[in-house]
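The block underneath contains the structure these notes are about, expressed in structure tokens.
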Amino acid sequence: MPRRHLDAELMMGNGQTAGRRPGPTQTRAMVLAAARQLFSDLGYDRTTIRGIAREAGVDPALVHHFFGRKEDVFLKALEIPFQPADLIARVVGAGPRNSLAERLLRVFLGLWEDPGSRLRMQALIRSATTSQQGADLLRQFLTATVLSRIADAVGVPRLRITLVGSHLVGIAIVRYVLGVEPLASASQEEIVELVAPTIQRYLDP
């Protein structure tokens with residue numbers, strides 16, 4: 001079957017008419033949105049290609065056609081919606097060394113509060129606790145992409161920057177994934193005031 005007809009056939013096989021089907025770009029976006037939602041809700045292991053297809057309203061074969069394996073869908077769905085270099089510049093280059101932890105916390109909490117990135121971050125954290133694939137991706141994101149670059153920029157030993165990462169992930173799990181009170185409803189300012197001094201000790205020379 002010619003490639004240009006594959007999307008039409010698969011969508012019609014799912015009970016939709018060719019005249020009303022979304023185009024390939026829209027369909028890909030629907031699949032990725034469904035994948036982010038399910039990875040966020042269920043974690044990596046419990047999310048399936050069939051489940052993603054059902055959530056998106058498409059045939060499972062279309063998911064395979066666009067993205068391949070579940071692992072490939074996972075990696076594509078969780079593309080972090082910012083440039084690491086921009087984030088690091090906002091943390092490292094935007095003020096004095098003695099307020100580094102405060103800036104780091106504000107940037108980190110801001111990512112979680114932003115609806116555009118929150119689902120992806122939730123999916124990343126949930127999947128890290130349920131699969132090696134998720135754990136590997138979170139480790140790569142925290143170390144190679146962000147924290148090690150901050151450590152190199154300010155001259156912090158890797159052990160200290162890893163402890164910083166443990167605090168950030170802990171806050172994310174308790175506040176945004178588990179929703180444990182009173183942390184879940186605390187303001188960003190309260191969290192920064194209480195946590196920044198501890199993280200700053202790791203970051204000081």
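Every chain in the structure tokens takes a letter, A first, then B, and so on in the order presented; its residues are numbered from 1, and the ligands are numbered from 1 following the presented order.
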
Write out as a ChimeraX atom specification each polymer residue whose atoms come within 12 Å of Ala77 in chain A, counting only C-alpha atoms; drop sequence neighbours fewer than 4 positions from it.
-> /A:28-40,44,52,67,70-73,81,117,119-124

Writer output for current selection, N, CA and C atoms, as a short mmCIF file (atom, residue, chain, number, x, y, z; two decimals), in the first residue's frame:
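Writing the result to again.cif gives the following:
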data_model
loop_
_atom_site.label_atom_id
_atom_site.label_comp_id
_atom_site.auth_asym_id
_atom_site.auth_seq_id
_atom_site.Cartn_x
_atom_site.Cartn_y
_atom_site.Cartn_z
N ARG A 28 -0.10 12.74 14.86
CA ARG A 28 1.10 12.54 15.67
C ARG A 28 0.99 13.30 17.00
N ALA A 29 0.47 14.52 16.93
CA ALA A 29 0.32 15.31 18.15
C ALA A 29 -0.68 14.66 19.10
N MET A 30 -1.76 14.10 18.56
CA MET A 30 -2.75 13.42 19.38
C MET A 30 -2.14 12.21 20.07
N VAL A 31 -1.34 11.44 19.33
CA VAL A 31 -0.71 10.25 19.90
C VAL A 31 0.27 10.65 21.00
N LEU A 32 1.08 11.67 20.76
CA LEU A 32 2.05 12.10 21.77
C LEU A 32 1.35 12.64 23.01
N ALA A 33 0.27 13.38 22.83
CA ALA A 33 -0.47 13.89 23.98
C ALA A 33 -1.05 12.73 24.79
N ALA A 34 -1.59 11.73 24.10
CA ALA A 34 -2.13 10.56 24.80
C ALA A 34 -1.03 9.81 25.52
N ALA A 35 0.12 9.68 24.88
CA ALA A 35 1.25 8.97 25.50
C ALA A 35 1.72 9.69 26.75
N ARG A 36 1.84 11.01 26.68
CA ARG A 36 2.28 11.77 27.86
C ARG A 36 1.30 11.57 29.02
N GLN A 37 0.00 11.59 28.70
CA GLN A 37 -1.00 11.44 29.74
C GLN A 37 -0.90 10.07 30.40
N LEU A 38 -0.77 9.02 29.60
CA LEU A 38 -0.73 7.67 30.15
C LEU A 38 0.58 7.39 30.88
N PHE A 39 1.71 7.83 30.32
CA PHE A 39 2.98 7.65 31.03
C PHE A 39 2.95 8.39 32.36
N SER A 40 2.30 9.56 32.38
CA SER A 40 2.18 10.32 33.61
C SER A 40 1.30 9.61 34.62
N TYR A 44 5.82 3.81 33.01
CA TYR A 44 6.25 3.19 31.75
C TYR A 44 5.70 1.77 31.59
N ILE A 52 -2.26 3.64 24.44
CA ILE A 52 -2.00 4.95 23.84
C ILE A 52 -2.90 5.15 22.64
N PHE A 67 6.03 5.96 15.28
CA PHE A 67 7.06 6.04 16.32
C PHE A 67 7.84 4.74 16.55
N LYS A 70 7.33 0.98 21.92
CA LYS A 70 6.88 1.78 23.06
C LYS A 70 8.02 2.65 23.59
N GLU A 71 9.21 2.10 23.64
CA GLU A 71 10.36 2.86 24.11
C GLU A 71 10.56 4.12 23.26
N ASP A 72 10.38 3.99 21.96
CA ASP A 72 10.55 5.15 21.08
C ASP A 72 9.45 6.19 21.31
N VAL A 73 8.23 5.72 21.56
CA VAL A 73 7.14 6.65 21.88
C VAL A 73 7.46 7.39 23.17
N PRO A 81 10.61 20.33 27.23
CA PRO A 81 10.22 21.52 26.46
C PRO A 81 11.03 22.77 26.77
N SER A 117 4.88 21.82 30.59
CA SER A 117 5.94 20.86 30.91
C SER A 117 5.58 19.92 32.05
N LEU A 119 3.10 17.71 32.66
CA LEU A 119 2.77 16.32 32.34
C LEU A 119 4.02 15.53 31.97
N ARG A 120 4.90 16.15 31.21
CA ARG A 120 6.12 15.46 30.80
C ARG A 120 7.00 15.16 32.00
N MET A 121 7.10 16.12 32.92
CA MET A 121 7.91 15.91 34.11
C MET A 121 7.30 14.84 35.00
N GLN A 122 5.98 14.84 35.14
CA GLN A 122 5.31 13.80 35.93
C GLN A 122 5.55 12.42 35.33
N ALA A 123 5.43 12.33 34.03
CA ALA A 123 5.65 11.06 33.36
C ALA A 123 7.07 10.57 33.57
N LEU A 124 8.01 11.48 33.51
CA LEU A 124 9.41 11.13 33.71
C LEU A 124 9.64 10.59 35.11
#

Residues flagged alpha helix (DSSP H) by DSSP in chain A, as an NGL selection string = :A and (3-13 or 24-42 or 49-56 or 60-67 or 70-77 or 84-92 or 100-113 or 115-128 or 132-140 or 148-154 or 158-171 or 188-203)

Limited to C-alpha atoms, could you put the picked residues into a file as a CSV table (one decimal), in the first residue's frame?
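Produced file selection_5.csv, reproduced below:
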chain,number,residue,atom,x,y,z
A,3,ARG,CA,2.6,5.4,2.2
A,4,ARG,CA,0.3,8.3,1.5
A,5,HIS,CA,-2.7,6.0,1.9
A,6,LEU,CA,-1.6,4.3,5.1
A,7,ASP,CA,-2.9,7.0,7.5
A,8,ALA,CA,-6.3,7.0,5.8
A,9,GLU,CA,-6.7,3.2,5.9
A,10,LEU,CA,-5.7,3.0,9.5
A,11,MET,CA,-7.9,5.8,10.6
A,12,MET,CA,-10.9,4.4,8.8
A,13,GLY,CA,-10.1,1.0,10.3
A,24,PRO,CA,-0.6,13.2,9.9
A,25,THR,CA,0.8,16.2,11.9
A,26,GLN,CA,-2.3,16.5,14.0
A,27,THR,CA,-2.5,12.7,14.4
A,28,ARG,CA,1.1,12.5,15.7
A,29,ALA,CA,0.3,15.3,18.1
A,30,MET,CA,-2.8,13.4,19.4
A,31,VAL,CA,-0.7,10.3,19.9
A,32,LEU,CA,2.0,12.1,21.8
A,33,ALA,CA,-0.5,13.9,24.0
A,34,ALA,CA,-2.1,10.6,24.8
A,35,ALA,CA,1.2,9.0,25.5
A,36,ARG,CA,2.3,11.8,27.9
A,37,GLN,CA,-1.0,11.4,29.7
A,38,LEU,CA,-0.7,7.7,30.2
A,39,PHE,CA,3.0,7.7,31.0
A,40,SER,CA,2.2,10.3,33.6
A,41,ASP,CA,-0.8,8.4,35.1
A,42,LEU,CA,0.5,4.9,34.8
A,49,ILE,CA,0.8,0.9,22.7
A,50,ARG,CA,-2.8,-0.3,22.6
A,51,GLY,CA,-3.6,2.0,25.5
A,52,ILE,CA,-2.0,4.9,23.8
A,53,ALA,CA,-3.9,4.2,20.6
A,54,ARG,CA,-7.2,3.9,22.4
A,55,GLU,CA,-6.6,7.2,24.3
A,56,ALA,CA,-5.7,8.9,21.0
A,60,PRO,CA,-2.3,0.7,17.3
A,61,ALA,CA,-0.6,0.1,13.9
A,62,LEU,CA,-0.6,3.9,13.4
A,63,VAL,CA,1.3,4.4,16.6
A,64,HIS,CA,3.9,1.9,15.4
A,65,HIS,CA,4.0,3.5,12.0
A,66,PHE,CA,4.8,6.9,13.4
A,67,PHE,CA,7.1,6.0,16.3
A,70,LYS,CA,6.9,1.8,23.1
A,71,GLU,CA,10.4,2.9,24.1
A,72,ASP,CA,10.5,5.1,21.1
A,73,VAL,CA,7.1,6.6,21.9
A,74,PHE,CA,8.3,7.2,25.4
A,75,LEU,CA,11.5,9.0,24.4
A,76,LYS,CA,9.6,11.2,21.9
A,77,ALA,CA,6.8,12.0,24.2
A,84,PRO,CA,19.2,23.0,28.8
A,85,ALA,CA,21.6,25.8,27.9
A,86,ASP,CA,18.9,28.4,28.5
A,87,LEU,CA,18.0,26.8,31.8
A,88,ILE,CA,21.6,26.8,33.0
A,89,ALA,CA,22.0,30.4,32.0
A,90,ARG,CA,19.0,31.3,34.1
A,91,VAL,CA,20.5,29.5,37.1
A,92,VAL,CA,24.3,30.2,36.7
A,100,LEU,CA,22.4,30.1,43.2
A,101,ALA,CA,20.2,27.7,45.1
A,102,GLU,CA,17.3,30.1,45.1
A,103,ARG,CA,17.5,30.6,41.4
A,104,LEU,CA,17.8,26.9,40.8
A,105,LEU,CA,14.7,26.2,42.9
A,106,ARG,CA,12.7,28.9,41.2
A,107,VAL,CA,13.5,27.5,37.8
A,108,PHE,CA,12.8,23.9,38.8
A,109,LEU,CA,9.5,24.7,40.5
A,110,GLY,CA,8.5,26.9,37.5
A,111,LEU,CA,8.9,23.9,35.2
A,112,TRP,CA,6.5,21.9,37.3
A,113,GLU,CA,4.0,24.7,37.6
A,115,PRO,CA,1.1,23.2,32.3
A,116,GLY,CA,3.2,22.8,29.1
A,117,SER,CA,5.9,20.9,30.9
A,118,ARG,CA,4.2,19.4,34.0
A,119,LEU,CA,2.8,16.3,32.3
A,120,ARG,CA,6.1,15.5,30.8
A,121,MET,CA,7.9,15.9,34.1
A,122,GLN,CA,5.3,13.8,35.9
A,123,ALA,CA,5.6,11.1,33.4
A,124,LEU,CA,9.4,11.1,33.7
A,125,ILE,CA,9.3,10.8,37.5
A,126,ARG,CA,6.6,8.1,37.6
A,127,SER,CA,8.3,6.1,34.9
A,128,ALA,CA,11.7,6.3,36.7
A,132,GLN,CA,14.8,0.9,34.1
A,133,GLN,CA,14.1,2.8,30.9
A,134,GLY,CA,12.5,5.6,32.9
A,135,ALA,CA,15.3,5.6,35.5
A,136,ASP,CA,17.9,5.8,32.8
A,137,LEU,CA,16.2,8.7,31.1
A,138,LEU,CA,15.8,10.6,34.4
A,139,ARG,CA,19.4,10.0,35.3
A,140,GLN,CA,20.6,11.2,31.9
A,148,SER,CA,26.8,18.2,35.7
A,149,ARG,CA,26.8,21.3,33.5
A,150,ILE,CA,25.9,23.4,36.5
A,151,ALA,CA,28.6,21.7,38.5
A,152,ASP,CA,31.2,22.4,35.9
A,153,ALA,CA,30.1,26.0,35.6
A,154,VAL,CA,30.4,26.8,39.3
A,158,ARG,CA,29.8,15.8,41.5
A,159,LEU,CA,28.7,14.3,44.9
A,160,ARG,CA,27.4,17.6,46.0
A,161,ILE,CA,25.5,18.2,42.8
A,162,THR,CA,24.0,14.7,43.0
A,163,LEU,CA,22.7,15.6,46.5
A,164,VAL,CA,21.2,18.7,45.0
A,165,GLY,CA,19.4,16.4,42.5
A,166,SER,CA,18.2,14.2,45.2
A,167,HIS,CA,16.5,17.1,46.9
A,168,LEU,CA,14.9,18.3,43.7
A,169,VAL,CA,13.5,14.8,42.8
A,170,GLY,CA,12.3,14.3,46.3
A,171,ILE,CA,10.3,17.6,46.2
A,188,GLN,CA,6.8,28.4,45.9
A,189,GLU,CA,8.1,31.1,48.2
A,190,GLU,CA,7.6,29.0,51.2
A,191,ILE,CA,9.5,26.1,49.6
A,192,VAL,CA,12.3,28.4,48.4
A,193,GLU,CA,12.7,30.0,51.8
A,194,LEU,CA,12.9,26.6,53.6
A,195,VAL,CA,14.9,24.5,51.1
A,196,ALA,CA,17.3,27.0,49.4
A,197,PRO,CA,19.7,27.3,52.4
A,198,THR,CA,20.2,23.6,52.5
A,199,ILE,CA,20.9,23.4,48.7
A,200,GLN,CA,23.1,26.5,48.9
A,201,ARG,CA,25.4,24.7,51.4
A,202,TYR,CA,26.0,22.0,48.7
A,203,LEU,CA,26.8,24.7,46.1

Interatomic distance, CA of Arg46 in chain A to CA of Thr130 in chain A (Å, one decimal) | 8.7 Å

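Note that the spacing between CA of Glu181 in chain A and CA of Gly43 in chain A amounts to 22.4 Å.
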
Could you work out how far CA of Pro96 in chain A lies from CA of Pro157 in chain A, giving the answer in Å with one decimal?
->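 Separation of CA of Pro157 in chain A and CA of Pro96 in chain A: 18.9 Å.
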